[in-house]
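> Dropping in coords_6.cif, with mmCIF, C-alpha atoms and all ligand atoms.
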data_protein
#
loop_
_atom_site.group_PDB
_atom_site.id
_atom_site.type_symbol
_atom_site.label_atom_id
_atom_site.label_comp_id
_atom_site.auth_asym_id
_atom_site.auth_seq_id
_atom_site.Cartn_x
_atom_site.Cartn_y
_atom_site.Cartn_z
ATOM 1 C CA MET N 1 3.031 -14.645 11.997
ATOM 2 C CA THR N 2 4.546 -18.115 12.087
ATOM 3 C CA ALA N 3 1.958 -19.232 9.537
ATOM 4 C CA PHE N 4 3.048 -16.488 7.161
ATOM 5 C CA LEU N 5 6.710 -17.338 7.595
ATOM 6 C CA ARG N 6 5.964 -21.015 7.114
ATOM 7 C CA ALA N 7 4.015 -20.257 3.927
ATOM 8 C CA GLY N 8 7.026 -18.464 2.478
ATOM 9 C CA PRO N 9 9.885 -20.984 2.712
ATOM 10 C CA ALA N 10 13.041 -20.602 0.680
ATOM 11 C CA VAL N 11 11.724 -22.673 -2.238
ATOM 12 C CA ARG N 12 8.859 -20.259 -2.846
ATOM 13 C CA ARG N 13 11.050 -17.217 -2.766
ATOM 14 C CA TRP N 14 12.303 -15.818 -6.015
ATOM 15 C CA ASP N 15 14.479 -12.982 -7.007
ATOM 16 C CA VAL N 16 14.171 -10.457 -9.741
ATOM 17 C CA GLU N 17 17.607 -11.098 -11.239
ATOM 18 C CA SER N 18 17.445 -14.839 -11.736
ATOM 19 C CA ALA N 19 13.813 -15.964 -11.776
ATOM 20 C CA PHE N 20 13.058 -14.867 -15.326
ATOM 21 C CA ASP N 21 14.654 -15.017 -18.728
ATOM 22 C CA TRP N 22 14.642 -11.257 -19.211
ATOM 23 C CA GLU N 23 16.389 -11.413 -22.567
ATOM 24 C CA ARG N 24 13.347 -13.050 -24.056
ATOM 25 C CA ALA N 25 10.880 -10.497 -22.717
ATOM 26 C CA ASP N 26 9.010 -9.051 -25.675
ATOM 27 C CA ALA N 27 6.307 -6.397 -25.430
ATOM 28 C CA GLY N 28 5.730 -6.871 -29.152
ATOM 29 C CA ARG N 29 3.631 -9.873 -28.166
ATOM 30 C CA LEU N 30 1.287 -7.762 -26.071
ATOM 31 C CA THR N 31 -1.729 -5.775 -27.114
ATOM 32 C CA GLU N 32 -1.846 -2.108 -26.325
ATOM 33 C CA GLY N 33 -4.340 -2.796 -23.538
ATOM 34 C CA GLN N 34 -2.001 -5.362 -21.987
ATOM 35 C CA ARG N 35 0.930 -2.973 -22.078
ATOM 36 C CA SER N 36 -1.226 -0.325 -20.487
ATOM 37 C CA ALA N 37 -2.288 -2.799 -17.779
ATOM 38 C CA VAL N 38 1.394 -3.476 -16.997
ATOM 39 C CA GLU N 39 2.179 0.238 -16.795
ATOM 40 C CA PHE N 40 -0.792 0.799 -14.516
ATOM 41 C CA VAL N 41 0.129 -1.829 -11.990
ATOM 42 C CA THR N 42 3.816 -0.868 -12.042
ATOM 43 C CA LEU N 43 2.744 2.503 -10.645
ATOM 44 C CA ILE N 44 0.609 0.839 -7.986
ATOM 45 C CA GLU N 45 3.388 -1.515 -6.852
ATOM 46 C CA ASP N 46 6.028 1.191 -7.003
ATOM 47 C CA HIS N 47 4.226 3.241 -4.376
ATOM 48 C CA LEU N 48 5.469 0.868 -1.662
ATOM 49 C CA PRO N 49 7.250 3.534 0.430
ATOM 50 C CA GLY N 50 3.869 5.240 0.785
ATOM 51 C CA TYR N 51 2.113 2.060 1.957
ATOM 52 C CA PHE N 52 4.959 1.148 4.298
ATOM 53 C CA GLY N 53 4.735 4.615 5.832
ATOM 54 C CA VAL N 54 1.141 3.933 6.828
ATOM 55 C CA TYR N 55 2.254 0.947 8.918
ATOM 56 C CA GLU N 56 5.136 2.869 10.443
ATOM 57 C CA ARG N 57 2.750 5.587 11.585
ATOM 58 C CA ALA N 58 0.018 3.213 12.748
ATOM 59 C CA PHE N 59 2.335 0.840 14.629
ATOM 60 C CA PRO N 60 5.215 2.988 15.851
ATOM 61 C CA LEU N 61 8.396 1.626 17.376
ATOM 62 C CA HIS N 62 9.995 4.375 19.414
ATOM 63 C CA SER N 63 10.472 5.523 22.980
ATOM 64 C CA GLY N 64 7.068 7.191 23.112
ATOM 65 C CA VAL N 65 5.338 3.792 22.878
ATOM 66 C CA ASP N 66 4.425 1.841 26.014
ATOM 67 C CA LEU N 67 5.966 -1.577 26.489
ATOM 68 C CA ASP N 68 2.915 -3.725 25.647
ATOM 69 C CA THR N 69 2.189 -1.781 22.506
ATOM 70 C CA PHE N 70 5.828 -1.995 21.526
ATOM 71 C CA VAL N 71 5.762 -5.785 21.975
ATOM 72 C CA HIS N 72 2.725 -5.982 19.695
ATOM 73 C CA ASN N 73 4.131 -3.600 17.090
ATOM 74 C CA ARG N 74 7.477 -5.340 17.101
ATOM 75 C CA GLU N 75 5.769 -8.667 16.326
ATOM 76 C CA LEU N 76 3.843 -7.125 13.485
ATOM 77 C CA TYR N 77 7.054 -5.601 12.158
ATOM 78 C CA HIS N 78 8.417 -9.091 11.483
ATOM 79 C CA PHE N 79 5.644 -9.407 8.948
ATOM 80 C CA THR N 80 5.706 -5.851 7.637
ATOM 81 C CA VAL N 81 9.362 -5.838 6.618
ATOM 82 C CA ARG N 82 9.053 -9.184 4.851
ATOM 83 C CA TRP N 83 5.902 -8.083 3.118
ATOM 84 C CA ALA N 84 7.603 -4.848 2.085
ATOM 85 C CA GLN N 85 10.580 -6.754 0.743
ATOM 86 C CA GLU N 86 8.266 -8.817 -1.448
ATOM 87 C CA GLU N 87 6.283 -5.814 -2.644
ATOM 88 C CA ASP N 88 9.525 -4.061 -3.467
ATOM 89 C CA SER N 89 10.512 -7.048 -5.606
ATOM 90 C CA HIS N 90 7.191 -6.709 -7.424
ATOM 91 C CA ALA N 91 7.955 -3.106 -8.228
ATOM 92 C CA ARG N 92 11.468 -3.939 -9.364
ATOM 93 C CA ALA N 93 10.361 -6.909 -11.468
ATOM 94 C CA LEU N 94 7.700 -4.887 -13.275
ATOM 95 C CA PHE N 95 10.226 -2.112 -13.895
ATOM 96 C CA ARG N 96 12.702 -4.643 -15.222
ATOM 97 C CA TYR N 97 10.062 -6.172 -17.454
ATOM 98 C CA GLN N 98 9.095 -2.845 -18.987
ATOM 99 C CA VAL N 99 12.711 -2.083 -19.805
ATOM 100 C CA ALA N 100 13.680 -5.589 -20.994
ATOM 101 C CA ALA N 101 10.561 -5.938 -23.137
ATOM 102 C CA GLY N 102 11.169 -2.632 -24.868
ATOM 103 C CA MET N 103 8.270 -0.737 -23.331
ATOM 104 C CA ALA N 104 10.255 1.951 -21.559
ATOM 105 C CA GLU N 105 13.608 3.650 -21.111
ATOM 106 C CA PRO N 106 14.905 3.258 -17.541
ATOM 107 C CA GLU N 107 15.518 6.919 -16.756
ATOM 108 C CA GLN N 108 12.209 8.066 -18.130
ATOM 109 C CA LEU N 109 10.301 5.315 -16.330
ATOM 110 C CA ARG N 110 12.103 6.050 -13.067
ATOM 111 C CA ARG N 111 11.130 9.695 -13.273
ATOM 112 C CA GLY N 112 7.549 8.871 -14.236
ATOM 113 C CA LEU N 113 7.202 6.559 -11.230
ATOM 114 C CA ALA N 114 8.777 9.144 -8.953
ATOM 115 C CA ALA N 115 6.255 11.773 -10.040
ATOM 116 C CA GLU N 116 3.470 9.611 -8.605
ATOM 117 C CA GLY N 117 5.561 7.972 -5.886
ATOM 118 C CA ARG N 118 6.346 11.216 -4.117
ATOM 119 C CA LYS N 119 2.664 11.982 -3.570
ATOM 120 C CA HIS N 120 1.553 11.370 -0.007
ATOM 121 C CA PHE N 121 -0.443 8.234 0.686
ATOM 122 C CA GLU N 122 -2.780 7.996 3.663
ATOM 123 C CA LEU N 123 -5.652 5.805 4.727
ATOM 124 C CA PRO N 124 -8.564 7.507 6.440
ATOM 125 C CA HIS N 125 -8.790 4.843 9.166
ATOM 126 C CA ASP N 126 -7.418 4.871 12.669
ATOM 127 C CA HIS N 127 -8.572 1.487 13.951
ATOM 128 C CA ALA N 128 -5.967 -1.251 13.448
ATOM 129 C CA VAL N 129 -8.549 -3.712 12.151
ATOM 130 C CA SER N 130 -9.520 -1.200 9.466
ATOM 131 C CA LEU N 131 -5.988 -1.158 8.098
ATOM 132 C CA PHE N 132 -5.920 -4.938 7.937
ATOM 133 C CA ALA N 133 -9.382 -5.165 6.369
ATOM 134 C CA TYR N 134 -8.296 -2.603 3.796
ATOM 135 C CA ALA N 135 -5.132 -4.550 3.037
ATOM 136 C CA LEU N 136 -7.096 -7.805 2.836
ATOM 137 C CA VAL N 137 -9.359 -6.420 0.119
ATOM 138 C CA GLN N 138 -6.534 -4.758 -1.751
ATOM 139 C CA GLU N 139 -4.247 -7.816 -1.743
ATOM 140 C CA LYS N 140 -7.038 -10.041 -3.024
ATOM 141 C CA ALA N 141 -8.075 -7.550 -5.711
ATOM 142 C CA THR N 142 -4.453 -7.353 -6.877
ATOM 143 C CA GLN N 143 -4.125 -11.149 -6.919
ATOM 144 C CA LEU N 144 -7.247 -11.452 -9.088
ATOM 145 C CA TYR N 145 -5.951 -8.734 -11.392
ATOM 146 C CA TYR N 146 -2.675 -10.595 -11.942
ATOM 147 C CA GLN N 147 -4.502 -13.838 -12.619
ATOM 148 C CA GLN N 148 -6.775 -12.233 -15.201
ATOM 149 C CA LEU N 149 -3.892 -10.509 -16.916
ATOM 150 C CA ARG N 150 -1.841 -13.671 -16.903
ATOM 151 C CA ALA N 151 -4.630 -15.570 -18.647
ATOM 152 C CA VAL N 152 -4.499 -13.301 -21.709
ATOM 153 C CA VAL N 153 -0.911 -12.127 -22.188
ATOM 154 C CA GLY N 154 1.059 -13.415 -25.166
ATOM 155 C CA ASP N 155 4.540 -13.019 -23.690
ATOM 156 C CA PRO N 156 5.593 -16.101 -21.679
ATOM 157 C CA VAL N 157 8.111 -14.050 -19.669
ATOM 158 C CA LEU N 158 5.349 -11.741 -18.486
ATOM 159 C CA ALA N 159 3.063 -14.709 -17.825
ATOM 160 C CA GLY N 160 5.759 -16.246 -15.626
ATOM 161 C CA LEU N 161 6.202 -13.012 -13.729
ATOM 162 C CA LEU N 162 2.457 -12.614 -13.203
ATOM 163 C CA THR N 163 2.249 -16.144 -11.824
ATOM 164 C CA ARG N 164 4.842 -15.267 -9.181
ATOM 165 C CA LEU N 165 3.146 -11.995 -8.335
ATOM 166 C CA ALA N 166 -0.294 -13.590 -7.987
ATOM 167 C CA ARG N 167 1.107 -16.236 -5.623
ATOM 168 C CA ASP N 168 2.736 -13.624 -3.412
ATOM 169 C CA GLU N 169 -0.462 -11.579 -3.250
ATOM 170 C CA ALA N 170 -2.396 -14.722 -2.328
ATOM 171 C CA ARG N 171 -0.066 -15.217 0.643
ATOM 172 C CA HIS N 172 -0.391 -11.575 1.647
ATOM 173 C CA PHE N 173 -4.161 -11.941 1.507
ATOM 174 C CA ALA N 174 -4.016 -15.078 3.667
ATOM 175 C CA PHE N 175 -2.029 -13.220 6.316
ATOM 176 C CA MET N 176 -4.420 -10.269 6.375
ATOM 177 C CA ALA N 177 -7.411 -12.622 6.438
ATOM 178 C CA ASP N 178 -5.898 -14.388 9.414
ATOM 179 C CA VAL N 179 -5.408 -11.122 11.305
ATOM 180 C CA VAL N 180 -8.941 -9.879 10.564
ATOM 181 C CA GLU N 181 -10.331 -13.222 11.653
ATOM 182 C CA ARG N 182 -8.468 -12.989 14.962
ATOM 183 C CA PHE N 183 -9.826 -9.485 15.557
ATOM 184 C CA LEU N 184 -13.368 -10.722 14.950
ATOM 185 C CA ARG N 185 -12.925 -13.739 17.222
ATOM 186 C CA ARG N 186 -11.461 -11.651 19.987
ATOM 187 C CA HIS N 187 -13.496 -8.446 19.790
ATOM 188 C CA GLY N 188 -16.681 -9.550 18.030
ATOM 189 C CA ASP N 189 -19.200 -6.777 17.446
ATOM 190 C CA ALA N 190 -16.734 -4.095 18.566
ATOM 191 C CA VAL N 191 -14.808 -4.397 15.287
ATOM 192 C CA VAL N 192 -17.833 -4.626 13.007
ATOM 193 C CA GLU N 193 -18.167 -0.871 12.601
ATOM 194 C CA PRO N 194 -14.472 -0.249 11.722
ATOM 195 C CA ILE N 195 -14.732 -2.970 9.067
ATOM 196 C CA ARG N 196 -17.996 -1.586 7.711
ATOM 197 C CA GLU N 197 -16.401 1.822 7.473
ATOM 198 C CA VAL N 198 -13.588 0.443 5.319
ATOM 199 C CA ILE N 199 -16.055 -0.971 2.819
ATOM 200 C CA ALA N 200 -18.221 2.146 2.861
ATOM 201 C CA ASN N 201 -15.257 4.377 1.973
ATOM 202 C CA PHE N 202 -13.195 1.995 -0.086
ATOM 203 C CA ARG N 203 -10.857 3.454 -2.691
ATOM 204 C CA MET N 204 -8.134 1.437 -4.318
ATOM 205 C CA PRO N 205 -4.631 2.750 -3.529
ATOM 206 C CA LEU N 206 -3.707 5.808 -5.581
ATOM 207 C CA ALA N 207 -7.228 6.144 -6.981
ATOM 208 C CA ASP N 208 -7.164 9.736 -5.781
ATOM 209 C CA THR N 209 -3.618 10.651 -6.745
ATOM 210 C CA ILE N 210 -2.803 9.080 -10.124
ATOM 211 C CA ARG N 211 -3.819 11.454 -12.849
ATOM 212 C CA GLY N 212 -6.670 9.974 -14.904
ATOM 213 C CA TYR N 213 -6.879 6.911 -12.618
ATOM 214 C CA TRP N 214 -10.524 6.077 -13.296
ATOM 215 C CA ARG N 215 -10.308 6.553 -17.027
ATOM 216 C CA TRP N 216 -7.210 4.388 -17.061
ATOM 217 C CA ALA N 217 -8.754 1.677 -14.864
ATOM 218 C CA LEU N 218 -11.803 1.562 -17.113
ATOM 219 C CA ARG N 219 -9.741 1.429 -20.264
ATOM 220 C CA ILE N 220 -7.803 -1.626 -19.103
ATOM 221 C CA ALA N 221 -10.845 -3.342 -17.596
ATOM 222 C CA ASP N 222 -11.313 -5.427 -20.748
ATOM 223 C CA THR N 223 -7.854 -6.859 -20.145
ATOM 224 C CA ALA N 224 -7.925 -7.179 -16.350
ATOM 225 C CA ARG N 225 -10.233 -5.655 -13.766
ATOM 226 C CA TYR N 226 -8.601 -3.828 -10.872
ATOM 227 C CA ASP N 227 -11.692 -3.649 -8.753
ATOM 228 C CA HIS N 228 -11.925 -3.949 -4.991
ATOM 229 C CA THR N 229 -15.488 -5.270 -5.114
ATOM 230 C CA ASP N 230 -14.140 -8.465 -6.694
ATOM 231 C CA ALA N 231 -12.579 -9.223 -3.322
ATOM 232 C CA TYR N 232 -15.726 -8.774 -1.250
ATOM 233 C CA SER N 233 -16.907 -12.363 -1.423
ATOM 234 C CA HIS N 234 -13.536 -13.309 0.082
ATOM 235 C CA LEU N 235 -14.002 -10.860 2.922
ATOM 236 C CA ILE N 236 -17.479 -12.277 3.595
ATOM 237 C CA ARG N 237 -15.958 -15.734 3.792
ATOM 238 C CA VAL N 238 -13.442 -14.489 6.364
ATOM 239 C CA VAL N 239 -16.226 -12.988 8.484
ATOM 240 C CA ASN N 240 -18.284 -16.171 8.287
ATOM 241 C CA ARG N 241 -15.308 -18.290 9.256
ATOM 242 C CA ALA N 242 -14.511 -16.088 12.241
ATOM 243 C CA VAL N 243 -17.953 -15.842 13.759
ATOM 244 C CA ASP N 244 -19.752 -18.949 14.988
ATOM 245 C CA ALA N 245 -22.801 -17.364 16.540
ATOM 246 C CA ARG N 246 -23.732 -14.435 14.337
ATOM 247 C CA SER N 247 -25.026 -11.307 16.002
ATOM 248 C CA ASP N 248 -27.341 -8.797 14.330
ATOM 249 C CA GLN N 249 -24.377 -6.522 13.757
ATOM 250 C CA VAL N 250 -22.378 -9.211 12.004
ATOM 251 C CA ASP N 251 -25.407 -10.158 9.880
ATOM 252 C CA GLU N 252 -25.819 -6.539 8.951
ATOM 253 C CA LEU N 253 -22.143 -6.258 8.041
ATOM 254 C CA VAL N 254 -22.284 -9.288 5.744
ATOM 255 C CA ARG N 255 -25.430 -7.960 4.041
ATOM 256 C CA PHE N 256 -23.751 -4.613 3.593
ATOM 257 C CA ILE N 257 -20.569 -6.030 2.036
ATOM 258 C CA ASP N 258 -22.651 -8.221 -0.230
ATOM 259 C CA ALA N 259 -24.768 -5.290 -1.364
ATOM 260 C CA CYS N 260 -21.673 -3.250 -2.221
ATOM 261 C CA ARG N 261 -20.483 -6.173 -4.285
ATOM 262 C CA THR N 262 -23.606 -6.700 -6.329
ATOM 263 C CA THR N 263 -24.315 -3.056 -7.043
ATOM 264 C CA SER N 264 -20.926 -2.363 -8.533
ATOM 265 C CA ALA N 265 -20.225 -5.709 -10.218
HETATM 266 FE FE FE N 301 2.475 -6.690 -4.940
HETATM 267 FE FE FE N 302 0.782 -7.806 -1.766
#
Show the structure stored in the file as structure tokens.
Ligand SMILES: [Fe+2]
Ligand SMILES: [Fe+2]

Amino acid sequence: MTAFLRAGPAVRRWDVESAFDWERADAGRLTEGQRSAVEFVTLIEDHLPGYFGVYERAFPLHSGVDLDTFVHNRELYHFTVRWAQEEDSHARALFRYQVAAGMAEPEQLRRGLAAEGRKHFELPHDHAVSLFAYALVQEKATQLYYQQLRAVVGDPVLAGLLTRLARDEARHFAFMADVVERFLRRHGDAVVEPIREVIANFRMPLADTIRGYWRWALRIADTARYDHTDAYSHLIRVVNRAVDARSDQVDELVRFIDACRTTSA
């Protein structure tokens, strides 16, 4: 927790209103694929209330929770609210970009986002480590997506925004990696199966709810890949770092993650 807070000092923080020269935003400098890639990820980021709800349900803070669990959940909450604040800025910044650059009308965009945003989001996992492993993969995949998109876009305002977003996602990944590592250190083989299960059933957020998700994801793949398997080598690194003496189960897990990576790459 302290590491995350230390990695996000005031100088690294930015705000939507002042960090970018919105008046110069110009979607005319983007290809159709790049505009589509921006629209796609705006939907993903805008679903924050759905993601936040998962944490609220998994780590409740109410009178029905015993004291030790509450202590744990309350600690985690320090992270969750800060993370949510940053993700909410991502959603707002992408919205602002679309409007400032002439890609969308505010009211229409707001309604379009709401149509997807109101759909329920749930993860099929009930083990805490599964949620963190899921988030680890997803944060890294999003970071890589922003970096790829940034490398090709012709609008400097968008490039600047994508740089900020990629840096935030990198910090989110580092936090999740740290948590998963601690779980592995502390519980060893007992958390191997919950992690394996995450990889076996992995779906990027909203893959099942956005209409035409897969067609859309494929269409923008030439511009930037939004693919969870791109993050798997990073997960393997986390596992290797956490485990000094590898058990058969851990070996099997690493082989499994690696196989998922190579088959779909
Ligand atoms: Fe984000
Ligand atoms: Fe993130």
> Find the nearest atom pair between each residue of chain N and ligand FE 301 (chain N) for residues within 6 Å, count all atoms listed in the file, give distances in Å to one decimal, sort rows by chain and ascending number, and present the table as JSON lines.

{"residue": "N:Glu45", "atom": "CA", "partner": "N:FE301", "partner_atom": "FE", "distance": 5.6}
{"residue": "N:Glu87", "atom": "CA", "partner": "N:FE301", "partner_atom": "FE", "distance": 4.5}
{"residue": "N:His90", "atom": "CA", "partner": "N:FE301", "partner_atom": "FE", "distance": 5.3}
{"residue": "N:Glu169", "atom": "CA", "partner": "N:FE301", "partner_atom": "FE", "distance": 5.9}
> At a cut-off of 8 Å and counting only C-alpha atoms and all ligand atoms, what residues surround ligand FE 302 (chain N)? Please answer as an NGL selection string.
:N and (83 or 86-87 or 138-139 or 142-143 or 168-173)
> Using all atoms listed in the file, which residue out of N:Arg211, N:His228, N:Arg12, N:Arg237 lies closest to Phe40 of chain N?
N:Arg211
> Here is a test: counting all atoms listed in the file, which residue of N:Leu30, N:Ala224, N:Val192, N:Cys260 is nearest to Asp248 of chain N?
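Smallest separation from Asp248 of chain N among the options: N:Val192.
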> Between N:Asp189, N:Asp208, N:Glu39, N:Asp227, which residue has the minimum interatomic distance to Val99 of chain N, considering all atoms listed in the file?
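Of N:Asp189, N:Asp208, N:Glu39, N:Asp227, the one nearest Val99 of chain N is N:Glu39, counting all atoms listed in the file.
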